[in-house]
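Okay, start-v2.csv now, which holds CSV, C-alpha atoms and all ligand atoms:
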```
chain,number,residue,atom,x,y,z
A,1,MET,CA,126.7,87.4,123.0
A,2,ASN,CA,125.0,86.6,126.1
A,3,GLY,CA,127.4,84.8,128.3
A,4,SER,CA,127.4,81.9,125.8
A,5,GLY,CA,131.2,82.2,125.5
A,6,LEU,CA,130.9,82.9,121.8
A,7,PRO,CA,132.4,86.2,120.6
A,8,PRO,CA,130.2,88.8,119.2
A,9,ARG,CA,129.9,88.9,115.4
A,10,ARG,CA,129.8,92.6,114.7
A,11,LEU,CA,131.4,95.1,117.0
A,12,LEU,CA,131.4,98.8,117.2
A,13,VAL,CA,134.7,100.0,118.5
A,14,THR,CA,135.1,103.7,119.3
A,15,GLY,CA,138.4,105.4,119.4
A,16,GLY,CA,140.0,102.6,117.3
A,17,CYS,CA,142.6,104.9,115.8
A,18,GLY,CA,144.2,105.5,119.1
A,19,PHE,CA,146.8,103.5,121.0
A,20,ILE,CA,144.8,100.7,122.7
A,21,GLY,CA,141.8,100.8,120.3
A,22,SER,CA,144.1,100.1,117.3
A,23,ASN,CA,145.8,97.3,119.2
A,24,PHE,CA,142.4,95.9,120.1
A,25,ILE,CA,141.1,95.9,116.5
A,26,HIS,CA,144.3,94.2,115.3
A,27,PHE,CA,143.9,91.6,118.1
A,28,LEU,CA,140.3,90.9,117.4
A,29,LEU,CA,140.7,90.4,113.6
A,30,ARG,CA,143.7,88.2,114.2
A,31,GLU,CA,142.0,86.1,116.9
A,32,HIS,CA,138.5,85.9,115.5
A,33,PRO,CA,138.4,85.6,111.7
A,34,ASP,CA,134.6,85.8,111.5
A,35,VAL,CA,134.3,89.1,113.4
A,36,ALA,CA,133.5,92.4,111.7
A,37,VAL,CA,134.5,95.7,113.2
A,38,VAL,CA,133.1,99.2,112.8
A,39,ASN,CA,135.5,101.8,114.1
A,40,LEU,CA,134.0,105.2,115.0
A,41,ASP,CA,136.8,107.7,115.6
A,42,LYS,CA,136.8,111.5,115.5
A,43,LEU,CA,140.5,111.6,114.6
A,44,THR,CA,141.5,114.1,117.3
A,45,TYR,CA,145.2,114.9,117.6
A,46,ALA,CA,145.5,111.4,119.2
A,47,GLY,CA,143.7,109.5,116.5
A,48,ASN,CA,146.2,108.3,113.9
A,49,PRO,CA,145.0,106.6,110.7
A,50,ASP,CA,148.5,105.1,110.3
A,51,ASN,CA,147.6,102.8,113.2
A,52,LEU,CA,145.2,100.8,111.1
A,53,ARG,CA,146.5,101.4,107.6
A,54,ASP,CA,147.4,97.8,107.1
A,55,LEU,CA,143.6,97.0,107.4
A,56,GLU,CA,142.8,98.9,104.2
A,57,GLY,CA,141.0,96.5,101.9
A,58,ASP,CA,140.0,94.1,104.7
A,59,SER,CA,136.3,93.5,104.2
A,60,ARG,CA,135.8,92.8,107.9
A,61,TYR,CA,136.8,96.4,108.8
A,62,ARG,CA,134.9,99.6,108.3
A,63,PHE,CA,136.0,103.1,109.4
A,64,ILE,CA,133.6,105.9,110.2
A,65,ARG,CA,135.0,109.3,111.0
A,66,GLY,CA,132.7,110.8,113.7
A,67,ASP,CA,132.2,112.0,117.2
A,68,ILE,CA,130.7,109.7,119.9
A,69,ALA,CA,128.9,112.8,121.2
A,70,ASP,CA,127.1,113.2,117.8
A,71,ALA,CA,123.8,111.2,118.2
A,72,ASP,CA,123.1,111.0,114.5
A,73,VAL,CA,126.5,109.5,113.6
A,74,VAL,CA,126.4,107.2,116.6
A,75,GLU,CA,122.9,105.9,115.6
A,76,GLN,CA,124.1,105.0,112.1
A,77,ALA,CA,127.3,103.4,113.4
A,78,MET,CA,125.2,101.2,115.8
A,79,VAL,CA,123.1,99.6,113.1
A,80,GLY,CA,123.5,95.8,113.2
A,81,VAL,CA,126.0,95.9,116.0
A,82,ASP,CA,125.8,93.3,118.8
A,83,ALA,CA,128.5,94.7,121.1
A,84,VAL,CA,130.2,98.1,121.8
A,85,VAL,CA,133.7,98.7,123.1
A,86,ASN,CA,134.1,102.3,124.0
A,87,PHE,CA,137.8,103.4,124.0
A,88,ALA,CA,137.0,106.9,122.6
A,89,ALA,CA,138.2,109.5,125.1
A,90,GLU,CA,140.5,112.4,125.8
A,91,THR,CA,143.2,110.6,127.7
A,92,HIS,CA,146.1,112.8,128.7
A,93,VAL,CA,146.2,114.0,132.3
A,94,ASP,CA,148.6,116.8,131.5
A,95,ARG,CA,146.3,118.2,128.8
A,96,SER,CA,143.4,118.0,131.1
A,97,LEU,CA,145.3,120.4,133.4
A,98,PHE,CA,145.2,123.0,130.7
A,99,GLY,CA,141.4,122.8,130.4
A,100,ALA,CA,139.0,119.9,130.6
A,101,ASP,CA,136.1,120.9,128.3
A,102,ASP,CA,136.9,118.3,125.7
A,103,PHE,CA,137.3,115.7,128.4
A,104,ILE,CA,133.9,116.3,129.8
A,105,ARG,CA,132.3,116.5,126.3
A,106,THR,CA,133.8,113.2,125.2
A,107,ASP,CA,134.4,111.1,128.3
A,108,VAL,CA,131.1,112.0,130.0
A,109,HIS,CA,128.6,113.3,127.5
A,110,GLY,CA,130.0,111.2,124.6
A,111,THR,CA,129.7,108.1,126.8
A,112,TYR,CA,126.1,109.0,127.5
A,113,VAL,CA,125.2,109.5,123.8
A,114,LEU,CA,126.7,106.1,123.0
A,115,LEU,CA,124.9,104.4,125.9
A,116,ARG,CA,121.6,105.9,124.8
A,117,ALA,CA,122.1,104.7,121.2
A,118,ALA,CA,123.1,101.2,122.4
A,119,GLN,CA,120.0,101.0,124.5
A,120,VAL,CA,117.7,102.0,121.6
A,121,ALA,CA,119.5,99.6,119.2
A,122,GLY,CA,119.4,96.8,121.8
A,123,ALA,CA,123.1,96.2,121.7
A,124,GLY,CA,124.0,92.9,123.4
A,125,ARG,CA,126.9,94.2,125.4
A,126,PHE,CA,128.7,97.5,126.2
A,127,ILE,CA,132.2,97.6,127.5
A,128,GLN,CA,133.3,100.9,129.0
A,129,VAL,CA,137.1,101.1,128.9
A,130,SER,CA,137.9,103.0,132.1
A,131,THR,CA,141.0,103.4,134.1
A,132,ASP,CA,142.6,102.8,137.5
A,133,GLU,CA,143.0,106.6,137.9
A,134,VAL,CA,139.3,106.8,139.0
A,135,TYR,CA,140.5,105.4,142.4
A,136,GLY,CA,142.9,108.3,142.9
A,137,ASP,CA,146.1,108.0,144.9
A,138,VAL,CA,146.5,104.6,146.5
A,139,PRO,CA,148.5,104.5,149.8
A,140,PRO,CA,151.5,102.2,150.1
A,141,GLY,CA,150.6,98.6,150.8
A,142,LYS,CA,147.1,98.8,149.5
A,143,ARG,CA,145.7,97.7,146.1
A,144,SER,CA,142.4,99.0,144.7
A,145,ARG,CA,139.5,96.7,144.5
A,146,GLU,CA,136.4,97.1,142.3
A,147,SER,CA,134.2,97.9,145.4
A,148,ASP,CA,136.5,100.7,146.6
A,149,PRO,CA,135.1,104.2,146.5
A,150,LEU,CA,136.1,106.4,143.6
A,151,HIS,CA,138.3,109.4,144.4
A,152,PRO,CA,139.4,110.9,141.0
A,153,ARG,CA,141.9,113.7,141.5
A,154,SER,CA,142.7,115.0,138.0
A,155,PRO,CA,140.2,116.5,135.5
A,156,TYR,CA,140.9,113.5,133.3
A,157,ALA,CA,140.2,110.9,136.0
A,158,ALA,CA,137.1,112.9,137.1
A,159,SER,CA,135.8,112.7,133.5
A,160,LYS,CA,136.4,109.0,133.2
A,161,ALA,CA,134.6,108.5,136.6
A,162,GLY,CA,131.7,110.6,135.2
A,163,GLY,CA,131.5,108.3,132.2
A,164,GLU,CA,131.4,105.3,134.5
A,165,MET,CA,128.5,106.8,136.5
A,166,GLN,CA,126.5,107.1,133.2
A,167,CYS,CA,127.2,103.4,132.5
A,168,ILE,CA,126.0,102.4,136.0
A,169,ALA,CA,122.9,104.4,135.5
A,170,PHE,CA,122.1,102.6,132.2
A,171,TRP,CA,122.6,99.2,133.9
A,172,GLU,CA,120.6,100.0,136.9
A,173,THR,CA,117.8,101.8,135.1
A,174,TYR,CA,117.5,100.0,131.8
A,175,ARG,CA,119.5,96.8,132.3
A,176,LEU,CA,121.7,97.7,129.4
A,177,PRO,CA,124.4,95.0,129.7
A,178,VAL,CA,127.3,97.3,130.6
A,179,ILE,CA,130.7,96.1,131.8
A,180,ILE,CA,133.2,98.6,133.2
A,181,THR,CA,136.9,97.8,133.0
A,182,ARG,CA,139.6,99.7,134.9
A,183,ALA,CA,143.0,99.1,133.5
A,184,SER,CA,146.3,100.2,134.7
A,185,ASN,CA,148.9,102.1,132.6
A,186,ASN,CA,149.5,100.4,129.3
A,187,VAL,CA,152.8,100.1,127.3
A,188,GLY,CA,153.1,98.9,123.8
A,189,PRO,CA,153.3,99.9,120.1
A,190,ARG,CA,151.6,102.9,118.7
A,191,GLN,CA,151.2,104.9,121.9
A,192,HIS,CA,151.2,108.7,121.4
A,193,PRO,CA,154.5,110.2,122.4
A,194,GLU,CA,152.8,112.6,124.8
A,195,LYS,CA,152.7,109.7,127.3
A,196,ALA,CA,155.6,108.9,129.6
A,197,VAL,CA,157.1,105.7,128.0
A,198,PRO,CA,157.0,106.8,124.4
A,199,LEU,CA,158.1,110.3,125.3
A,200,PHE,CA,161.1,108.8,127.2
A,201,VAL,CA,161.9,106.4,124.3
A,202,THR,CA,161.6,109.0,121.5
A,203,ASN,CA,163.5,111.7,123.5
A,204,ALA,CA,166.3,109.2,124.2
A,205,LEU,CA,166.4,108.3,120.5
A,206,ARG,CA,166.8,112.0,119.7
A,207,GLY,CA,169.5,112.3,122.4
A,208,GLU,CA,167.2,114.7,124.4
A,209,PRO,CA,166.6,114.7,128.1
A,210,LEU,CA,163.9,112.5,129.7
A,211,PRO,CA,161.7,114.8,131.8
A,212,VAL,CA,160.8,113.0,135.0
A,213,TYR,CA,158.3,114.8,137.1
A,214,GLY,CA,159.3,115.6,140.6
A,215,ASP,CA,161.4,113.0,142.5
A,216,GLY,CA,160.3,110.3,140.0
A,217,ARG,CA,159.3,108.0,142.9
A,218,GLN,CA,155.6,107.9,141.8
A,219,ARG,CA,154.5,104.4,141.1
A,220,ARG,CA,152.4,103.0,138.2
A,221,ASP,CA,151.2,99.4,137.7
A,222,TRP,CA,152.3,98.6,134.1
A,223,LEU,CA,150.3,96.4,131.7
A,224,TYR,CA,151.3,95.2,128.2
A,225,VAL,CA,148.6,96.4,125.7
A,226,GLU,CA,148.2,92.9,124.3
A,227,ASP,CA,147.3,91.5,127.7
A,228,HIS,CA,144.8,94.3,128.1
A,229,CYS,CA,143.2,93.4,124.7
A,230,ARG,CA,143.0,89.8,125.7
A,231,ALA,CA,141.2,90.7,128.9
A,232,LEU,CA,138.7,92.8,127.0
A,233,ASP,CA,138.1,90.0,124.5
A,234,LEU,CA,137.5,87.6,127.4
A,235,LEU,CA,135.1,90.0,129.1
A,236,LEU,CA,133.1,90.4,125.9
A,237,ARG,CA,132.3,86.7,126.2
A,238,ARG,CA,132.4,85.9,129.9
A,239,GLY,CA,132.1,89.2,131.8
A,240,GLU,CA,129.1,89.7,134.0
A,241,PRO,CA,126.8,92.6,133.0
A,242,GLY,CA,126.6,95.3,135.6
A,243,GLU,CA,130.1,94.4,137.0
A,244,VAL,CA,133.4,96.2,137.1
A,245,TYR,CA,136.7,94.5,136.4
A,246,ASN,CA,140.2,95.7,137.3
A,247,ILE,CA,142.8,94.9,134.7
A,248,GLY,CA,146.4,95.0,136.1
A,249,ALA,CA,149.4,92.8,135.8
A,250,ASP,CA,151.1,93.5,139.2
A,251,ASN,CA,154.0,95.3,137.7
A,252,GLU,CA,154.5,98.3,140.0
A,253,ARG,CA,157.5,100.4,139.1
A,254,GLU,CA,158.8,103.9,140.0
A,255,ASN,CA,158.8,106.3,137.1
A,256,VAL,CA,162.5,106.9,137.4
A,257,GLU,CA,163.1,103.2,137.3
A,258,VAL,CA,161.1,103.0,134.0
A,259,ALA,CA,163.2,105.9,132.6
A,260,ALA,CA,166.4,104.1,133.5
A,261,LEU,CA,165.2,100.9,131.9
A,262,VAL,CA,164.4,102.7,128.7
A,263,LEU,CA,167.9,104.2,128.6
A,264,ARG,CA,169.5,100.9,129.4
A,265,GLU,CA,167.6,99.2,126.6
A,266,LEU,CA,168.8,101.9,124.2
A,267,GLU,CA,172.4,102.0,125.6
A,268,LYS,CA,172.0,105.7,126.4
A,269,PRO,CA,173.5,107.4,129.4
A,270,LEU,CA,171.5,107.7,132.7
A,271,GLY,CA,172.6,111.4,132.6
A,272,LEU,CA,169.7,112.0,130.2
A,273,ILE,CA,167.3,111.8,133.1
A,274,ARG,CA,166.2,115.3,134.1
A,275,HIS,CA,164.1,115.8,137.2
A,276,VAL,CA,161.7,118.6,136.3
A,277,GLU,CA,158.8,120.5,138.0
A,278,ASP,CA,156.1,118.1,139.1
A,279,ARG,CA,152.6,117.7,137.7
A,280,PRO,CA,150.1,119.5,140.0
A,281,GLY,CA,148.0,117.1,142.0
A,282,HIS,CA,150.2,114.2,140.8
A,283,ASP,CA,148.9,110.9,142.1
A,284,ARG,CA,151.8,109.1,143.8
A,285,ARG,CA,150.7,105.6,143.3
A,286,TYR,CA,148.2,103.4,141.5
A,287,ALA,CA,148.0,99.7,142.2
A,288,LEU,CA,145.2,97.2,141.3
A,289,ASP,CA,143.9,94.0,142.7
A,290,SER,CA,142.8,92.0,139.6
A,291,SER,CA,141.8,88.8,141.3
A,292,LYS,CA,138.2,89.2,140.0
A,293,LEU,CA,139.4,89.1,136.4
A,294,ARG,CA,142.0,86.4,137.2
A,295,ALA,CA,139.1,84.2,138.5
A,296,LEU,CA,137.9,84.1,134.9
A,297,SER,CA,141.3,82.5,133.9
A,298,TRP,CA,143.0,85.6,132.7
A,299,ALA,CA,146.6,86.1,133.5
A,300,PRO,CA,149.1,88.5,131.8
A,301,ARG,CA,151.4,86.7,129.4
A,302,HIS,CA,154.1,89.4,129.3
A,303,GLY,CA,156.4,90.4,132.1
A,304,PHE,CA,157.2,94.1,132.5
A,305,GLU,CA,160.8,94.1,131.3
A,306,GLU,CA,159.9,92.0,128.3
A,307,ALA,CA,156.9,94.3,127.5
A,308,LEU,CA,159.1,97.4,127.8
A,309,ARG,CA,161.8,95.9,125.6
A,310,ALA,CA,159.2,95.0,122.9
A,311,THR,CA,157.8,98.5,123.1
A,312,VAL,CA,161.2,100.2,122.8
A,313,ARG,CA,162.1,97.9,119.9
A,314,TRP,CA,158.8,98.9,118.1
A,315,TYR,CA,159.7,102.6,118.4
A,316,VAL,CA,163.3,101.9,117.1
A,317,GLU,CA,161.9,100.1,114.1
A,318,ASN,CA,159.1,102.5,113.4
A,319,GLU,CA,160.8,105.9,113.4
A,320,TRP,CA,158.6,107.0,110.5
A,321,TRP,CA,155.6,106.6,112.7
A,322,TRP,CA,156.7,108.7,115.7
A,323,ARG,CA,158.6,111.3,113.7
A,324,ARG,CA,155.4,112.1,111.8
A,325,VAL,CA,153.5,112.5,115.1
A,326,ARG,CA,156.2,114.6,116.8
A,327,GLU,CA,156.5,116.9,113.8
A,328,GLY,CA,152.8,117.9,113.8
A,329,ASP,CA,150.9,119.8,116.5
A,330,PHE,CA,152.8,118.0,119.1
A,331,ALA,CA,155.7,120.4,118.9
A,332,ARG,CA,153.4,123.2,120.2
A,333,PHE,CA,152.1,121.1,123.1
A,334,TYR,CA,155.7,120.0,124.0
A,335,ALA,CA,156.9,123.6,124.1
A,336,ALA,CA,154.0,124.6,126.4
A,337,GLN,CA,154.3,121.6,128.7
A,338,TYR,CA,158.1,121.3,128.9
A,339,GLY,CA,159.6,124.6,127.7
A,340,HIS,CA,159.9,126.1,131.2
A,341,ARG,CA,160.6,122.7,132.8
A,342,LEU,CA,163.5,122.0,130.6
A,343,GLY,CA,164.7,125.6,130.4
A,344,GLY,CA,163.6,126.2,126.8
A,345,ALA,CA,165.6,123.4,125.4
A,346,THR,CA,162.6,121.7,123.7
A,347,GLY,CA,162.9,120.3,120.2
A,348,GLY,CA,159.3,119.0,120.0
B,1,LIG,P1,144.4,107.6,122.8
B,1,LIG,O1,144.4,109.0,123.3
B,1,LIG,O2,145.6,107.0,122.2
B,1,LIG,O3,143.2,107.4,121.8
B,1,LIG,C1,141.9,108.0,121.9
B,1,LIG,C2,141.2,107.8,120.6
B,1,LIG,O4,139.8,108.3,120.8
B,1,LIG,C3,141.8,108.6,119.5
B,1,LIG,O5,141.8,107.8,118.3
B,1,LIG,C4,140.8,109.8,119.3
B,1,LIG,O6,140.8,110.2,118.0
B,1,LIG,C5,139.5,109.1,119.7
B,1,LIG,N1,138.5,110.1,120.2
B,1,LIG,C6,138.7,111.1,121.1
B,1,LIG,N2,137.6,111.8,121.2
B,1,LIG,C7,136.6,111.2,120.4
B,1,LIG,C8,135.3,111.4,120.2
B,1,LIG,N3,134.6,112.5,120.8
B,1,LIG,N4,134.6,110.6,119.3
B,1,LIG,C9,135.3,109.6,118.7
B,1,LIG,N5,136.6,109.3,118.9
B,1,LIG,C10,137.2,110.1,119.8
B,1,LIG,O7,143.9,106.7,124.1
B,1,LIG,P2,144.3,105.3,124.6
B,1,LIG,O8,145.5,105.4,125.4
B,1,LIG,O9,144.3,104.3,123.5
B,1,LIG,O10,143.1,105.0,125.6
B,1,LIG,C11,141.9,104.3,125.1
B,1,LIG,C12,141.0,104.2,126.3
B,1,LIG,O11,141.6,103.4,127.3
B,1,LIG,C13,140.6,105.5,126.9
B,1,LIG,O12,139.2,105.5,127.2
B,1,LIG,C14,141.4,105.6,128.2
B,1,LIG,O13,140.8,106.4,129.2
B,1,LIG,C15,141.5,104.1,128.6
B,1,LIG,N6,142.7,103.8,129.3
B,1,LIG,C16,144.0,104.0,128.8
B,1,LIG,C17,145.1,103.6,129.5
B,1,LIG,C18,146.5,103.9,129.0
B,1,LIG,O14,147.5,103.5,129.7
B,1,LIG,N7,146.6,104.4,127.8
B,1,LIG,C19,144.9,102.9,130.7
B,1,LIG,C20,143.7,102.7,131.2
B,1,LIG,C21,142.5,103.1,130.5
B,2,LIG,P1,151.5,109.2,131.7
B,2,LIG,O1,152.0,108.3,130.7
B,2,LIG,O2,151.1,110.6,131.4
B,2,LIG,O3,150.2,108.4,132.3
B,2,LIG,P2,149.3,108.8,133.6
B,2,LIG,O4,149.6,110.2,134.1
B,2,LIG,O5,147.9,108.6,133.0
B,2,LIG,O6,149.6,107.7,134.7
B,2,LIG,O7,152.5,109.3,133.0
B,2,LIG,C1,152.9,108.1,133.6
B,2,LIG,C2,153.7,108.6,134.8
B,2,LIG,O8,154.9,109.2,134.4
B,2,LIG,C3,153.0,109.6,135.7
B,2,LIG,O9,153.3,109.3,137.1
B,2,LIG,C4,153.5,110.9,135.2
B,2,LIG,C5,154.9,110.6,134.8
B,2,LIG,N1,155.5,111.4,133.7
B,2,LIG,C6,156.7,112.0,133.9
B,2,LIG,O10,157.4,111.8,134.9
B,2,LIG,N2,157.2,112.8,132.9
B,2,LIG,C7,156.5,113.0,131.7
B,2,LIG,O11,157.0,113.7,130.9
B,2,LIG,C8,155.2,112.4,131.6
B,2,LIG,C9,154.4,112.6,130.4
B,2,LIG,C10,154.7,111.6,132.6
```

How does this structure look as structure tokens?
Amino acid sequence: MNGSGLPPRRLLVTGGCGFIGSNFIHFLLREHPDVAVVNLDKLTYAGNPDNLRDLEGDSRYRFIRGDIADADVVEQAMVGVDAVVNFAAETHVDRSLFGADDFIRTDVHGTYVLLRAAQVAGAGRFIQVSTDEVYGDVPPGKRSRESDPLHPRSPYAASKAGGEMQCIAFWETYRLPVIITRASNNVGPRQHPEKAVPLFVTNALRGEPLPVYGDGRQRRDWLYVEDHCRALDLLLRRGEPGEVYNIGADNERENVEVAALVLRELEKPLGLIRHVEDRPGHDRRYALDSSKLRALSWAPRHGFEEALRATVRWYVENEWWWRRVREGDFARFYAAQYGHRLGGATGG
């Protein structure tokens, strides 16, 4: 794994029990029968073993419960690995507004610990899964390019930018073959219902209001998770070490439009949309220029409406999955985050 175009044989995936990581592991094992995956995941509130339960008994898959900030565990997980894909992170902007200690511990320090272990083990490639949020708010008419300055505005985005800086230091100093990816907002199966789309879908299925922050005219650039996985798989083989790649599908939509599409798909009334108190420091717009990735022959295969429909259908068909998540600790978070916004009418 060296630019040869061949996939790596043995990968360490971190955060594989989360939304994108679990989709990526399924994707890899489906697309590359001879690949073996070690998944290192701390199983925070966001890590869900249900996401990979169908891999139990698959000899190509091994799970290690552990923290990417724990050097001993990471060293063991790294043995025999020829590539690392780091998804592990605290990921929810709203939670980062309550306090960012865990964000800094995992997204910055944890990334450093992983990089250090990869350097010692001589890992062939290290993909740091970052986000378009590091660019901060993007003015109308502009799309972020990889060479743009970073201007993170939330504690989450600042932590992800900090992780990126560690990656750049390891490339510049030690020539560890690091690639940084900055993807836009993903939709797809198995996303935690704290995030906007699954929250809207599951609230609608429960007949509860969809809390849209502020005027709902903020814009996000939506990407189907499978298209994201395909891009990462390509970059594992053909990405240039030391480079940054945006991953976006040119699907800008206003939040209120996304909420309306969810309701239409579920044949629920638009009256369920509830404009609530805005998120402090809310970025109005993200938009990516992904021409650098597209030059490697990547293109999204799923349009936004189709991706959203598939996502909604998945939640309809997997009620057992999201009911379990919403019944746990999530109810407490939901009350703290939405109680005052929705006037106390929060079922969790
Ligand atoms: P997620 O919150 O669904 O999952 C995160 C996973 O990381 C969980 O399984 C959790 O248990 C694990 N984890 C957290 N801290 C850990 C630690 N210290 N050690 C080991 N494991 C730990 O996140 P996601 O939405 O799947 O995002 C995955 C990655 O992609 C993140 O790095 C995120 O910043 C990035 N990203 C996400 C999006 C998106 O739309 N969801 C967009 C762009 C980039
Ligand atoms: P989210 O899924 O939290 O992703 P991010 O903040 O990382 O982009 O939110 C997507 C958009 O939806 C963002 O502009 C915030 C908005 N949003 C709401 O309007 N209501 C909600 O309840 C949530 C969670 C998000």

- Could you pull out the residues sitting within 6 Å of ligand LIG 2 (chain B), using all atoms listed in the file, and write them as a ChimeraX atom specification? /A:93,194-196,211-213,218,255

Per residue of chain A within 8 Å of ligand LIG 1 (chain B), which atom pair is closest and at what distance in Å (one decimal), using all atoms listed in the file, listed by chain and increasing number, as JSON lines?
```
{"residue": "A:Thr14", "atom": "CA", "partner": "B:LIG1", "partner_atom": "N5", "distance": 5.8}
{"residue": "A:Gly15", "atom": "CA", "partner": "B:LIG1", "partner_atom": "O4", "distance": 3.5}
{"residue": "A:Gly16", "atom": "CA", "partner": "B:LIG1", "partner_atom": "O5", "distance": 5.6}
{"residue": "A:Cys17", "atom": "CA", "partner": "B:LIG1", "partner_atom": "O5", "distance": 3.9}
{"residue": "A:Gly18", "atom": "CA", "partner": "B:LIG1", "partner_atom": "O5", "distance": 3.4}
{"residue": "A:Phe19", "atom": "CA", "partner": "B:LIG1", "partner_atom": "O9", "distance": 3.6}
{"residue": "A:Ile20", "atom": "CA", "partner": "B:LIG1", "partner_atom": "O9", "distance": 3.7}
{"residue": "A:Gly21", "atom": "CA", "partner": "B:LIG1", "partner_atom": "O9", "distance": 5.4}
{"residue": "A:Ser22", "atom": "CA", "partner": "B:LIG1", "partner_atom": "O9", "distance": 7.5}
{"residue": "A:Leu40", "atom": "CA", "partner": "B:LIG1", "partner_atom": "C9", "distance": 5.9}
{"residue": "A:Asp41", "atom": "CA", "partner": "B:LIG1", "partner_atom": "N5", "distance": 3.7}
{"residue": "A:Lys42", "atom": "CA", "partner": "B:LIG1", "partner_atom": "C9", "distance": 4.0}
{"residue": "A:Leu43", "atom": "CA", "partner": "B:LIG1", "partner_atom": "O6", "distance": 3.7}
{"residue": "A:Thr44", "atom": "CA", "partner": "B:LIG1", "partner_atom": "O6", "distance": 4.0}
{"residue": "A:Tyr45", "atom": "CA", "partner": "B:LIG1", "partner_atom": "O6", "distance": 6.5}
{"residue": "A:Ala46", "atom": "CA", "partner": "B:LIG1", "partner_atom": "C3", "distance": 4.6}
{"residue": "A:Gly47", "atom": "CA", "partner": "B:LIG1", "partner_atom": "O5", "distance": 3.1}
{"residue": "A:Asn48", "atom": "CA", "partner": "B:LIG1", "partner_atom": "O5", "distance": 6.2}
{"residue": "A:Arg65", "atom": "CA", "partner": "B:LIG1", "partner_atom": "C9", "distance": 7.7}
{"residue": "A:Gly66", "atom": "CA", "partner": "B:LIG1", "partner_atom": "C9", "distance": 5.8}
{"residue": "A:Asp67", "atom": "CA", "partner": "B:LIG1", "partner_atom": "N4", "distance": 3.5}
{"residue": "A:Ile68", "atom": "CA", "partner": "B:LIG1", "partner_atom": "N4", "distance": 4.0}
{"residue": "A:Ala69", "atom": "CA", "partner": "B:LIG1", "partner_atom": "N3", "distance": 5.7}
{"residue": "A:Asn86", "atom": "CA", "partner": "B:LIG1", "partner_atom": "O12", "distance": 6.8}
{"residue": "A:Phe87", "atom": "CA", "partner": "B:LIG1", "partner_atom": "C12", "distance": 4.0}
{"residue": "A:Ala88", "atom": "CA", "partner": "B:LIG1", "partner_atom": "O4", "distance": 3.6}
{"residue": "A:Ala89", "atom": "CA", "partner": "B:LIG1", "partner_atom": "C6", "distance": 4.3}
{"residue": "A:Glu90", "atom": "CA", "partner": "B:LIG1", "partner_atom": "C6", "distance": 5.2}
{"residue": "A:Thr91", "atom": "CA", "partner": "B:LIG1", "partner_atom": "O1", "distance": 4.8}
{"residue": "A:His92", "atom": "CA", "partner": "B:LIG1", "partner_atom": "O1", "distance": 6.8}
{"residue": "A:Asp102", "atom": "CA", "partner": "B:LIG1", "partner_atom": "N3", "distance": 7.9}
{"residue": "A:Arg105", "atom": "CA", "partner": "B:LIG1", "partner_atom": "N3", "distance": 7.2}
{"residue": "A:Thr106", "atom": "CA", "partner": "B:LIG1", "partner_atom": "N3", "distance": 4.5}
{"residue": "A:Asp107", "atom": "CA", "partner": "B:LIG1", "partner_atom": "O12", "distance": 7.5}
{"residue": "A:Gly110", "atom": "CA", "partner": "B:LIG1", "partner_atom": "N3", "distance": 6.1}
{"residue": "A:Gln128", "atom": "CA", "partner": "B:LIG1", "partner_atom": "O12", "distance": 7.7}
{"residue": "A:Val129", "atom": "CA", "partner": "B:LIG1", "partner_atom": "O12", "distance": 5.2}
{"residue": "A:Ser130", "atom": "CA", "partner": "B:LIG1", "partner_atom": "C21", "distance": 4.9}
{"residue": "A:Thr131", "atom": "CA", "partner": "B:LIG1", "partner_atom": "C21", "distance": 3.9}
{"residue": "A:Asp132", "atom": "CA", "partner": "B:LIG1", "partner_atom": "C20", "distance": 6.4}
{"residue": "A:Glu133", "atom": "CA", "partner": "B:LIG1", "partner_atom": "C20", "distance": 7.8}
{"residue": "A:Lys160", "atom": "CA", "partner": "B:LIG1", "partner_atom": "O13", "distance": 6.5}
{"residue": "A:Arg182", "atom": "CA", "partner": "B:LIG1", "partner_atom": "C21", "distance": 6.3}
{"residue": "A:Ala183", "atom": "CA", "partner": "B:LIG1", "partner_atom": "C20", "distance": 4.3}
{"residue": "A:Ser184", "atom": "CA", "partner": "B:LIG1", "partner_atom": "C19", "distance": 5.0}
{"residue": "A:Asn185", "atom": "CA", "partner": "B:LIG1", "partner_atom": "O14", "distance": 3.5}
{"residue": "A:Asn186", "atom": "CA", "partner": "B:LIG1", "partner_atom": "O14", "distance": 3.7}
{"residue": "A:Val187", "atom": "CA", "partner": "B:LIG1", "partner_atom": "O14", "distance": 6.7}
{"residue": "A:Gln191", "atom": "CA", "partner": "B:LIG1", "partner_atom": "O2", "distance": 6.0}
{"residue": "A:His192", "atom": "CA", "partner": "B:LIG1", "partner_atom": "O2", "distance": 5.9}
{"residue": "A:Leu223", "atom": "CA", "partner": "B:LIG1", "partner_atom": "O14", "distance": 7.9}
```

The distance between atom CA of A:Asp82 and atom CA of A:Ala123 is 4.9 Å

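Using only C-alpha atoms, the nearest neighbour of A:Arg309 within the list A:Ile273, A:Gly188, A:Leu210, A:Arg238 is A:Gly188.
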
- Message: Would you pick out the contacts of A:Ala307 at 12 Å or less, using all atoms listed in the file, so that residues sharing its chain but fewer than 4 positions from it are not included, and give the list as an NGL selection string?
- Response: :A and (186-189 or 197 or 222-227 or 249 or 251 or 258 or 261-262 or 265 or 300-303 or 311-314)

message: Report as a PyMOL selection string all protein, DNA and RNA residues lying within 10 Å of A:Pro140, evaluated on all atoms listed in the file, omitting residues in the same chain fewer than 5 positions from it.
response: chain A and resi 219+284-287

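For stretch 294-296 of chain A, the set of protein, DNA and RNA residues having any atom at most 9 Å away, when counting only C-alpha atoms and skipping those fewer than 6 positions along the same chain, is Leu234, Leu235, Arg238, Gly239 and Ile247 of chain A.
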